[in-house]
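Enquirer: Dumping the structure here so I can ask a few things about it.
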Amino acid sequence: MKTRIVSIILLLLLLSCSQPSKKENNSEYTDNATTLYSKINSETSQLNFTNVIKEDVDFNFLNYTYIYVGGGVAVGDIDNDGLQDLYFVSSMGANKLYKNKGDLKFEDITNTSKAEDYTGFSTGASMMDINNDGWLDIYVCKAGSVKDDNARRNLLFINQKDGTFKEEAKKWGLDDPGYSTQAYQLDYDKDGDLDLYIVNYRYDFKNNTTISAEIQNQIEEITSDQLYRNDGTTFTKVTGEAKLYNKAWGLAGAVGDFNNDGWDDIYVSNDFLEPDQLYINQKDGTFKNEINSRVDHISFYSMGSDYADLNNDLLPDLITVDMTAESHQRSKQNMASMNTENFYKMVAIGYNHPYMANMLHYNK
C-alpha cells in the first residue's frame, strides 16, 4: 500500500514539473509578442460616429428580427488624393462621410459633400465607380419595416468630382425597393463595365424554421436578390434572365472567379434554414447554383463571406462565418436548432450539410 502511495506522489510530481503554469505561459507569450495594431481614440482621429438603433412598440426585435442587421462602413478614395476616406452607415440615424487628412486624422464633410442621408433604415454601403468616370460613387442599401416603401429604396450618390455628391439612384435604375443587405460589383458578361448584384432578404421571419423541398425559382421584387446589368447610361434588372433565384435571408455575398475560368461567380451567405448559394457563371449571361458539387458542407446560419488566396496557390479560397460562440461550451448550448432529424431532412432535399460553425473552403 505504501509503495502504491509513493508511486502516485512521484507521478504527480513529474506531471507538475513537466507542465508550466498558466502564469508562466502567459508571461512567456507576452514577452515574445509583437504589437501589430494600437487603438486610436476619437479625439486623435476625429472620427465621431454612433450607429443609432431605437426600438419601439411598432419596430423592435420581436416583430423585426433583423433590427440589429445594419450599419457598416465603406472605404475608398473619393477625391483621388491617394488617401482612403470613410463613409459610415447608421441603421436609424445619420450617415457620415469623413475625408482622410493624412496621419490617421479625418474631417467630417457630410454636409458640405451633400452625401448626407437621414432616411429609412440603412444596412450597408459600398464605394464603387458606377458611371465609369474614374471617381468613386457611394451606394447605400436600405431595408427595415418602414411605413413608406419609398424610404426603403436604395440610394446612389454620384461623385461630382468637386468634393460633392448628387443622389441619382432612380436616374440610373438602381433605386431597388427590396430589403437589401449589401451590393457587389462584377463584370458578369465581360463587356468591360461593372454590373451590380444586390443581396436582399425575406421579411417573413416567422417562416425561418420551415424546411421546404420546393424549388425557389420565382423572383420577387422586394425579397429576392437582384442583378442589374450596366448598359452604359443606366442599369437594367436581369435577375430572371440570368437565372439567379436566391429568395432567402441573405446577409452577405462574395464575388470572384471561384472556378478559375476567367468569369465572375457569386457566393451568397444565407441565414436560417435556407442554404448558401454558389452561382457559377455559365458564360452565356446565366448562372447555375453549384453549391452541392463544389463544397461538402456549409455554415448553418451563414452571416458573412469573403475570399482570398490563403495558401498562395493562385486560387481564391472562401470563408463563411456563422453565429459562432466564443467558447466551446456556449457553442454547444446554442445548438438546439441542429437536431438530427432536421439535419438529415435538409440533406435529403438538397440543402447540403449545414453546421453551426465558420467554414473555410480551400480551392482545389
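Ligands are numbered from 1 in the order shown, residues from 1 within each chain, and chains are lettered A, B, ... in the order they appear in the C-alpha cells.
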Might you pull out every residue within 9 Å of Ser180 in chain A, with only C-alpha atoms counted and same-chain residues fewer than 3 positions away left off, and present them as a list in words?
Expert: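 Within the cut-off, the hits are Ser122, Thr123, Gly124, Cys141, Lys142, Ala143, Gly144, Arg152, Arg153, Asn154, Asp176, Pro177, Ala183, Ile198, Val199, Asn200, Tyr201, Ile222, Thr223, Asp225, Gly250 and Leu251 of chain A.
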Enquirer: Taking a cut-off of 6 Å and counting only C-alpha atoms, can you build a table that, for each residue of range 212-328 of chain A near range 340-364 of chain A, reports the nearest atom pair and how far apart they are in Å (one decimal), sorted by chain then residue number, as CSV?
Expert:
```
residue,atom,partner,partner_atom,distance
A:Ala213,CA,A:Ile349,CA,5.7
A:Pro275,CA,A:Tyr351,CA,5.6
A:Asn292,CA,A:Asn352,CA,5.8
A:His297,CA,A:His353,CA,4.5
A:Ile298,CA,A:Pro354,CA,4.9
A:Ser299,CA,A:Tyr355,CA,5.2
A:Phe300,CA,A:Pro354,CA,4.6
A:Asp317,CA,A:Tyr362,CA,4.9
A:Leu318,CA,A:His361,CA,5.1
A:Ile319,CA,A:Leu360,CA,4.4
A:Thr320,CA,A:Met359,CA,5.2
A:Val321,CA,A:Asn358,CA,4.4
A:Asp322,CA,A:Asn358,CA,5.1
A:Thr324,CA,A:Ala357,CA,5.8
```
Enquirer: For the selection just defined, write its residues with N, CA and C atoms to a file, as an mmCIF file, in the first residue's frame.
Expert:
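Written file, again.cif:
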```cif
data_model
loop_
_atom_site.group_PDB
_atom_site.id
_atom_site.type_symbol
_atom_site.label_atom_id
_atom_site.label_comp_id
_atom_site.auth_asym_id
_atom_site.auth_seq_id
_atom_site.Cartn_x
_atom_site.Cartn_y
_atom_site.Cartn_z
ATOM 1 N N ALA A 213 -39.106 21.586 -49.578
ATOM 2 C CA ALA A 213 -38.412 20.991 -50.723
ATOM 3 C C ALA A 213 -38.738 21.717 -52.016
ATOM 4 N N PRO A 275 -30.164 27.344 -47.569
ATOM 5 C CA PRO A 275 -28.726 27.094 -47.759
ATOM 6 C C PRO A 275 -28.033 28.205 -48.538
ATOM 7 N N ASN A 292 -23.679 22.344 -54.109
ATOM 8 C CA ASN A 292 -23.550 20.960 -53.645
ATOM 9 C C ASN A 292 -22.403 20.212 -54.304
ATOM 10 N N HIS A 297 -19.776 20.946 -47.175
ATOM 11 C CA HIS A 297 -20.602 21.397 -46.063
ATOM 12 C C HIS A 297 -20.632 22.922 -46.054
ATOM 13 N N ILE A 298 -21.631 23.479 -45.385
ATOM 14 C CA ILE A 298 -21.807 24.930 -45.346
ATOM 15 C C ILE A 298 -22.151 25.363 -43.922
ATOM 16 N N SER A 299 -22.057 26.654 -43.671
ATOM 17 C CA SER A 299 -22.478 27.198 -42.382
ATOM 18 C C SER A 299 -24.001 27.144 -42.280
ATOM 19 N N PHE A 300 -24.506 26.860 -41.078
ATOM 20 C CA PHE A 300 -25.946 26.762 -40.864
ATOM 21 C C PHE A 300 -26.587 28.152 -40.941
ATOM 22 N N ASP A 317 -9.646 31.140 -52.162
ATOM 23 C CA ASP A 317 -10.263 30.323 -51.128
ATOM 24 C C ASP A 317 -11.415 31.114 -50.502
ATOM 25 N N LEU A 318 -12.357 30.411 -49.907
ATOM 26 C CA LEU A 318 -13.596 31.044 -49.454
ATOM 27 C C LEU A 318 -13.826 30.775 -47.974
ATOM 28 N N ILE A 319 -14.231 31.800 -47.249
ATOM 29 C CA ILE A 319 -14.586 31.639 -45.841
ATOM 30 C C ILE A 319 -15.987 32.183 -45.612
ATOM 31 N N THR A 320 -16.774 31.459 -44.797
ATOM 32 C CA THR A 320 -18.090 31.933 -44.382
ATOM 33 C C THR A 320 -18.146 31.891 -42.863
ATOM 34 N N VAL A 321 -18.878 32.822 -42.289
ATOM 35 C CA VAL A 321 -18.960 32.894 -40.831
ATOM 36 C C VAL A 321 -20.387 32.643 -40.378
ATOM 37 N N ASP A 322 -20.491 31.866 -39.304
ATOM 38 C CA ASP A 322 -21.768 31.521 -38.703
ATOM 39 C C ASP A 322 -21.944 32.335 -37.425
ATOM 40 N N THR A 324 -21.145 31.913 -34.528
ATOM 41 C CA THR A 324 -20.279 31.095 -33.692
ATOM 42 C C THR A 324 -20.028 31.749 -32.341
#
```
Enquirer: Considering only strand (DSSP E) as DSSP defines it on the backbone, what residues of range 117-299 of chain A qualify? List them as an NGL selection string.
Expert: :A and (121-128 or 137-143 or 155-159 or 165-167 or 180-186 or 195-200 or 226-230 or 235-237 or 249-256 or 265-271 or 277-281 or 287-289 or 298-299)
Enquirer: Which of these, A:Tyr203, A:Thr164, A:Asp149, A:Ile40, has the shortest distance to Ile67 in chain A once you count only C-alpha atoms?
Expert: A:Tyr203
Enquirer: Got a sec: who's within 12 Å of range 285-290 of chain A, counting only C-alpha atoms, leaving out chain neighbours fewer than 6 positions off, as a PyMOL selection string?
Expert: chain A and resi 187-191+195+215-217+227-229+238-246+258-259+263-268+275-279+296+350-352
Enquirer: Go ahead and dump the residues you just picked, C-alpha atoms, as a JSON list (two decimals), in the first residue's frame.
Expert:
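Once everything was written out, this is selection-v2.json:
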```json
[["chain", "number", "residue", "atom", "x", "y", "z"],
["A", 187, "ASP", "CA", -18.49, 42.24, -64.76],
["A", 188, "TYR", "CA", -20.59, 39.11, -65.23],
["A", 189, "ASP", "CA", -20.88, 39.46, -69.03],
["A", 190, "LYS", "CA", -17.28, 40.59, -69.69],
["A", 191, "ASP", "CA", -18.35, 43.66, -71.64],
["A", 195, "ASP", "CA", -22.69, 45.37, -63.16],
["A", 215, "ILE", "CA", -37.53, 24.85, -55.64],
["A", 216, "GLN", "CA", -37.38, 28.60, -55.25],
["A", 217, "ASN", "CA", -37.35, 29.64, -58.90],
["A", 227, "LEU", "CA", -28.75, 41.53, -60.68],
["A", 228, "TYR", "CA", -28.53, 44.81, -62.59],
["A", 229, "ARG", "CA", -26.72, 44.91, -65.94],
["A", 238, "VAL", "CA", -31.79, 40.97, -65.46],
["A", 239, "THR", "CA", -32.24, 38.66, -62.45],
["A", 240, "GLY", "CA", -34.62, 36.23, -64.13],
["A", 241, "GLU", "CA", -32.74, 36.31, -67.40],
["A", 242, "ALA", "CA", -29.57, 35.38, -65.52],
["A", 243, "LYS", "CA", -31.35, 32.54, -63.65],
["A", 244, "LEU", "CA", -30.50, 33.89, -60.21],
["A", 245, "TYR", "CA", -33.20, 32.60, -57.89],
["A", 246, "ASN", "CA", -31.97, 33.38, -54.38],
["A", 258, "PHE", "CA", -14.14, 30.64, -57.94],
["A", 259, "ASN", "CA", -13.64, 28.02, -60.68],
["A", 263, "TRP", "CA", -15.54, 34.72, -65.34],
["A", 264, "ASP", "CA", -17.03, 36.28, -62.19],
["A", 265, "ASP", "CA", -19.07, 33.97, -59.96],
["A", 266, "ILE", "CA", -21.27, 34.82, -56.95],
["A", 267, "TYR", "CA", -21.41, 33.31, -53.45],
["A", 268, "VAL", "CA", -24.35, 34.26, -51.20],
["A", 275, "PRO", "CA", -28.73, 27.09, -47.76],
["A", 276, "ASP", "CA", -25.93, 29.23, -49.15],
["A", 277, "GLN", "CA", -25.78, 29.60, -52.93],
["A", 278, "LEU", "CA", -22.73, 29.37, -55.19],
["A", 279, "TYR", "CA", -23.67, 30.72, -58.59],
["A", 296, "ASP", "CA", -19.04, 19.36, -48.86],
["A", 350, "GLY", "CA", -30.60, 19.03, -51.32],
["A", 351, "TYR", "CA", -29.72, 21.61, -48.65],
["A", 352, "ASN", "CA", -26.08, 20.42, -48.45]]
```
Enquirer: If you count only C-alpha atoms, which residues fall within 12 Å of Tyr64 in chain A, apart from same-chain ones fewer than 5 positions away, as a list in words?
Expert: Glu55, Asp56, Val57, Asp58, Phe59, Val69, Ala143, Gly144, Ser145, Val146, Tyr179, Arg202, Tyr203, Asp204, Phe205 and Lys206 of chain A
Enquirer: From a backbone DSSP assignment, name each residue in range 180-297 of chain A labelled helix (DSSP H, G or I), as a list in words.
Expert: Phe205, Lys206, Asn207, Ile291, Asn292, Ser293 and Arg294 of chain A
Enquirer: Find the distance between CA of Val73 in chain A and CA of Met303 in chain A and write it in Å to one decimal.
Expert: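 A separation of 16.7 Å between them.
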Enquirer: Identify, on the basis of only C-alpha atoms, every residue whose closest approach to Lys170 in chain A does not exceed 12 Å; exclude the query and any residue fewer than 4 positions from it along the same chain; express the result as a list in words.
Expert: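 Contacts, with the query itself left out: Asn150, Arg153, Asn154, Leu155, Leu156, Phe157, Ile158, Lys166, Leu174, Asp175, Asp176, Pro177, Thr234, Phe235 and Thr236 of chain A.
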Enquirer: Kindly save the residues from that selection, with N, CA and C atoms included, as a compact mmCIF listing (two decimals), in the first residue's frame.
Expert:
```txt
# COMPACT_ATOMS: atom_id res chain seq x y z
N ASN A 150 -41.07 53.86 -50.21
CA ASN A 150 -40.04 54.63 -50.91
C ASN A 150 -38.82 54.89 -50.02
N ARG A 153 -36.03 52.37 -50.55
CA ARG A 153 -35.30 52.31 -51.81
C ARG A 153 -33.83 52.69 -51.60
N ASN A 154 -32.95 51.92 -52.24
CA ASN A 154 -31.52 52.17 -52.12
C ASN A 154 -31.15 53.51 -52.74
N LEU A 155 -30.05 54.08 -52.24
CA LEU A 155 -29.60 55.39 -52.70
C LEU A 155 -28.27 55.27 -53.44
N LEU A 156 -28.06 56.17 -54.38
CA LEU A 156 -26.80 56.23 -55.13
C LEU A 156 -26.32 57.67 -55.19
N PHE A 157 -25.18 57.92 -54.54
CA PHE A 157 -24.59 59.26 -54.56
C PHE A 157 -23.48 59.30 -55.61
N ILE A 158 -23.74 60.03 -56.70
CA ILE A 158 -22.77 60.13 -57.79
C ILE A 158 -21.76 61.25 -57.49
N LYS A 166 -24.26 63.81 -55.71
CA LYS A 166 -25.66 64.04 -56.08
C LYS A 166 -26.37 62.69 -56.10
N LEU A 174 -31.22 52.14 -60.22
CA LEU A 174 -30.68 51.36 -59.12
C LEU A 174 -31.36 51.66 -57.79
N ASP A 175 -32.55 52.26 -57.82
CA ASP A 175 -33.29 52.53 -56.59
C ASP A 175 -34.09 51.28 -56.19
N ASP A 176 -33.38 50.19 -55.97
CA ASP A 176 -34.00 48.91 -55.65
C ASP A 176 -34.87 49.05 -54.39
N PRO A 177 -36.12 48.53 -54.43
CA PRO A 177 -37.04 48.70 -53.30
C PRO A 177 -37.00 47.55 -52.30
N THR A 234 -27.49 53.64 -67.96
CA THR A 234 -28.48 53.18 -67.00
C THR A 234 -28.24 51.69 -66.73
N PHE A 235 -28.95 51.16 -65.72
CA PHE A 235 -28.85 49.75 -65.37
C PHE A 235 -30.19 49.07 -65.61
N THR A 236 -30.14 47.82 -66.07
CA THR A 236 -31.34 47.04 -66.35
C THR A 236 -31.37 45.80 -65.47
```
Enquirer: Separation of CA of Asn51 in chain A and CA of Ser327 in chain A, in Å?
Expert: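 Separation of CA of Asn51 in chain A and CA of Ser327 in chain A: 27.2 Å.
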